[in-house]
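The next block holds one structure in the form of structure tokens; read it before the comments.
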Amino acid sequence: MADDYLVRIGKLIRDARQHRGWTQTQLAEALGTSQSAVNRIERGNQNISLEMIARIGEALDSEIVSLGYAGPMHLRVVGGRRLSGSIDVKTSKNACVALLCGSLLNKGRTVLRRVARIEEVYRLLEVLNSIGVRTRWINDGVDLEIVPPADLDLDAMDADAARRTRSIIMFLGPLLHRTDAFRLPYAGGCDLGTRTIEPHMIALRRFGLDITATEGLYHAQVDRSVTPGRPIVLTERGDTVTENALLAAARYDGVTVIRNASSNYMVQDLCFFLKALGVEVEGVGTTTLTVHGVPNIDADVDYSPSEDPVEAMSLLAAAVVTESELTIRRVPIEFLEIELAVLEEMGLDHDRSAEYPADNGHTRLADLTVRPSKLEAPIDKIHPMPFPGLNIDNVPFFAAIAAAAQGQSLIHDWVYDNRAIYLTDLNRLGGRLQLLDPHRVLVEGPTRWRAAEMMCPPALRPAVVVLLAMMAAEGTSVLRNVYVINRGYEELAERLNSVGAQIEIFRDI
């Protein structure tokens, strides 16, 4: 292997390790080698096999090398270009993964329309296929058909695919009705710090589920004599926690009341899907859900998940930071109302169309036109709250928007342990962000963005925020190893190019 390739690989490994927040010693321990060996690898002074590169990538949850194609995907961004025209919002990533997990409740054929073709979905499909579920893309690859086997082969589960997605945690709810004992790999996904699954356990114990964790696996046992009885009060109004409780309640032979439930967009989509399966759910859109379970679900169901409000926010932020006029179509407006209210106070110039229904027949959509605006920093801090508050996943986009505004903006990302830290990557592109603590960032604007070459942050939304800043920066930037973006966005670069961006996809190993 040529010396220059060893140096380039070493730099990728070093950047991935630093983004993970690991020392060379921590990486060495994960690999079963020495700190000095890691040091030599990162300096390009040691020959390294493809097997070792793959092991390092797995340890760092970073796609340093991938089998089956030429290497990790990077983006070359020519910035300073104005966007124009119109772009449609794709279906919700978070709804699609919940519905894939929900399909395990059904013995019949499930068809999901316009499913997001993203890495998170692909990982779940790999898991489903490994346990015997037949899936295929139909209607020219637009829709997804899911047909379960009579019996799931849970021992054959693809553990590698399962560990690469946090959504695997939502298998607990449906699987507890399929078998009395099973194992599930630890949940993975974005590197957002330590996140406990205890809220899930508190809810699911009420259905007799008991979990012990050893050697990278959750070992589940189900006691059929345990039933919910009184209402379940969630200790965290989380989206996936609520979805897990709904999935468990859907096949429980009785009525389950779930309090302090999330009423966010993906939860509502799951409720509408359960109704299509014949499960009555009362209180959709509120924090109290009443589920009338159906012990045996065997239905041929056809369902269309709604559009993604976080993708809509991403496209809105792209227009703001590039000072562009852009029409964003099929925006799930009811899940962006707080964000738009904050942006209006900051001075955003925009119009919205009359509302119309999504294909699921419930969610309200509108078309949104954003124009170049002179923004002022908001008086109050920007912070997330459970729906109908400002969406947790939309907070990072305000870092880029605040950087385009006049004055100081305080962003308080209190939910995740370290996502705010990744927002300071914008400083490498000319941003002026000061990290006050692991949850709070002070943003000074306006910003004169400058081009840079950097590693993609290992968290989905901060990674897209960096991409948007590169689109605003004059010159050519490079964003390396964008697997994390592909986890949550379908053909984002190509779609941004369709409205005037200049983003090239390339691989170099």
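Chain labels A, B, ... are given in the sequence in which chains occur in the structure tokens; within each chain residues are numbered consecutively from 1, and ligands are likewise numbered from 1 in the order shown.
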- Task: Identify all residues of range 332-376 of chain A in strand (DSSP E) (DSSP on the backbone) and supply them as an MDAnalysis selection string.
- Result: chainID A and resid 332 349:352 356:357 364:371
List as CSV every residue of range 437-506 of chain A that is in contact with range 84-98 of chain A, defined as an atom at most 9 Å from one of its atoms (using only C-alpha atoms), together with the nearest atom pair and the distance in Å rounded to one decimal, sorted by chain and then rising number.
residue,atom,partner,partner_atom,distance
A:Arg487,CA,A:Lys93,CA,8.9
A:Gly488,CA,A:Lys93,CA,6.2
A:Tyr489,CA,A:Lys93,CA,7.7
A:Glu490,CA,A:Lys90,CA,7.9
A:Arg495,CA,A:Ile87,CA,7.6
A:Leu496,CA,A:Ile87,CA,8.3
A:Ser498,CA,A:Ile87,CA,8.1
A:Val499,CA,A:Ser84,CA,5.3
A:Gly500,CA,A:Ser84,CA,6.2
- Close residues, range 108-125 of chain A itself excluded, 6 Å, only C-alpha atoms, min 5 positions apart in chain, as a PyMOL selection string: chain A and resi 91+142-147+161+298-304+486-490
Contact check, range 299-376 of chain A to range 468-480 of chain A, at most 8 Å, counting only C-alpha atoms, closest pairs as CSV:
residue,atom,partner,partner_atom,distance
A:Ala317,CA,A:Leu468,CA,7.6
A:Ala318,CA,A:Leu468,CA,5.6
A:Val321,CA,A:Ala472,CA,6.0
A:Thr322,CA,A:Ala472,CA,4.9
Include C-alpha atoms and write out the residues we just selected as a PDB file, in the first residue's frame.
ATOM      1  CA  ALA A 317     -32.266  26.302   6.925  1.00  0.00           C
ATOM      2  CA  ALA A 318     -30.493  25.692   3.593  1.00  0.00           C
ATOM      3  CA  VAL A 321     -27.934  30.281   5.214  1.00  0.00           C
ATOM      4  CA  THR A 322     -27.486  30.593   1.425  1.00  0.00           C
TER       5      THR A 322
END
- Item | DSSP alpha helix (DSSP H) residues within range 129-226 of chain A, as a list in words | Asn129, Ser130, Ala159, Asp160, Ala161, Ala162, Arg163, Leu172, Gly173, Pro174, Leu175, Glu198, Pro199, His200, Met201, Ile202, Ala203 and Leu204 of chain A
- Exercise: Arg230 in chain A partners within 12 Å, only C-alpha atoms, chain neighbours under 5 positions left out, as a ChimeraX atom specification: /A:203,206-207,254-259,290
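Between CA of Glu504 in chain A and CA of Arg76 in chain A there is a distance of 5.0 Å.
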- Query: Got a sec: who's within 10 Å of Lys374 in chain A, counting only C-alpha atoms, leaving out chain neighbours fewer than 4 positions off, as a PyMOL selection string?
  - Reply: chain A and resi 320+323+346-349+404-406+446
With N, CA, C and O atoms retained, write the just-selected residues as a compact mmCIF listing (two decimals), in the first residue's frame.
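The resulting file, part-v8.txt, is reproduced below:
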# COMPACT_ATOMS: atom_id res chain seq x y z
N VAL A 320 -32.09 29.73 4.19
CA VAL A 320 -31.71 30.86 5.02
C VAL A 320 -30.21 31.12 4.95
O VAL A 320 -29.77 32.25 4.71
N GLU A 323 -29.00 32.49 1.70
CA GLU A 323 -29.69 33.72 1.32
C GLU A 323 -30.45 33.55 0.00
O GLU A 323 -30.30 34.33 -0.95
N MET A 346 -37.48 36.49 14.41
CA MET A 346 -36.11 36.82 13.99
C MET A 346 -36.09 37.62 12.69
O MET A 346 -35.04 38.14 12.31
N GLY A 347 -37.24 37.68 11.99
CA GLY A 347 -37.32 38.48 10.76
C GLY A 347 -37.39 37.69 9.48
O GLY A 347 -37.18 38.25 8.39
N LEU A 348 -37.72 36.40 9.55
CA LEU A 348 -37.80 35.60 8.33
C LEU A 348 -38.92 36.08 7.42
O LEU A 348 -40.05 36.26 7.84
N ASP A 349 -38.58 36.27 6.14
CA ASP A 349 -39.56 36.65 5.12
C ASP A 349 -40.01 35.37 4.42
O ASP A 349 -39.22 34.71 3.75
N ALA A 404 -26.28 33.22 10.92
CA ALA A 404 -26.60 34.16 9.83
C ALA A 404 -27.31 35.40 10.34
O ALA A 404 -27.54 36.34 9.58
N ALA A 405 -27.66 35.42 11.63
CA ALA A 405 -28.42 36.53 12.20
C ALA A 405 -27.50 37.53 12.89
O ALA A 405 -26.38 37.20 13.31
N GLN A 406 -27.99 38.76 13.05
CA GLN A 406 -27.23 39.80 13.74
C GLN A 406 -27.41 39.64 15.25
O GLN A 406 -28.53 39.61 15.75
N PRO A 446 -23.56 38.24 12.39
CA PRO A 446 -23.58 37.32 11.24
C PRO A 446 -22.20 36.72 10.98
O PRO A 446 -21.20 37.19 11.51
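In this model, the gap between CA of Arg440 in chain A and CA of Leu423 in chain A comes to 10.1 Å.
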- Query: Do you know which residues are at most 8 Å from Asn260 in chain A counting only C-alpha atoms, after dropping those on the same chain fewer than 4 positions away, and could you put them as a ChimeraX atom specification?
  - Reply: /A:233-237,287-288
Can you spit out the residues from that selection as a compact mmCIF listing (two decimals), in the first residue's frame, using N, CA, C and O atoms?
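Full text of again.txt as output:
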# COMPACT_ATOMS: atom_id res chain seq x y z
N VAL A 233 -47.72 5.27 33.19
CA VAL A 233 -47.23 6.66 33.17
C VAL A 233 -45.77 6.63 32.73
O VAL A 233 -44.92 6.08 33.44
N LEU A 234 -45.49 7.16 31.56
CA LEU A 234 -44.12 7.18 31.06
C LEU A 234 -43.29 8.17 31.87
O LEU A 234 -43.73 9.29 32.12
N THR A 235 -42.10 7.76 32.26
CA THR A 235 -41.22 8.65 33.02
C THR A 235 -40.50 9.64 32.11
O THR A 235 -39.89 10.59 32.59
N GLU A 236 -40.58 9.40 30.81
CA GLU A 236 -39.98 10.31 29.83
C GLU A 236 -40.96 10.43 28.67
O GLU A 236 -41.41 9.41 28.15
N ARG A 237 -41.28 11.66 28.28
CA ARG A 237 -42.19 11.84 27.16
C ARG A 237 -41.41 11.72 25.86
O ARG A 237 -41.34 12.65 25.04
N THR A 287 -51.44 13.80 25.07
CA THR A 287 -50.47 13.10 25.91
C THR A 287 -51.09 11.91 26.66
O THR A 287 -50.41 11.29 27.48
N THR A 288 -52.34 11.60 26.38
CA THR A 288 -52.97 10.41 26.94
C THR A 288 -53.54 9.57 25.80
O THR A 288 -54.43 10.02 25.06
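Here CA of Asp367 in chain A stands at a distance of 20.2 Å from CA of Met266 in chain A.
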- Message: When you look at Ile168 in chain A with a cut-off of 12 Å (counting only C-alpha atoms), what residues show up, excluding the ones that are within fewer than 6 positions of it in the same chain? I need them as a PyMOL selection string.
- Response: chain A and resi 97-98+100-102+120-121+123-128+157-162+174-175+183-189+197+217-218+240+244
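For the residues A:Pro372, A:Glu344, A:Ile131, A:Thr179, ranking by smallest atom-to-atom distance to Asp155 in chain A using only C-alpha atoms places A:Ile131 first.
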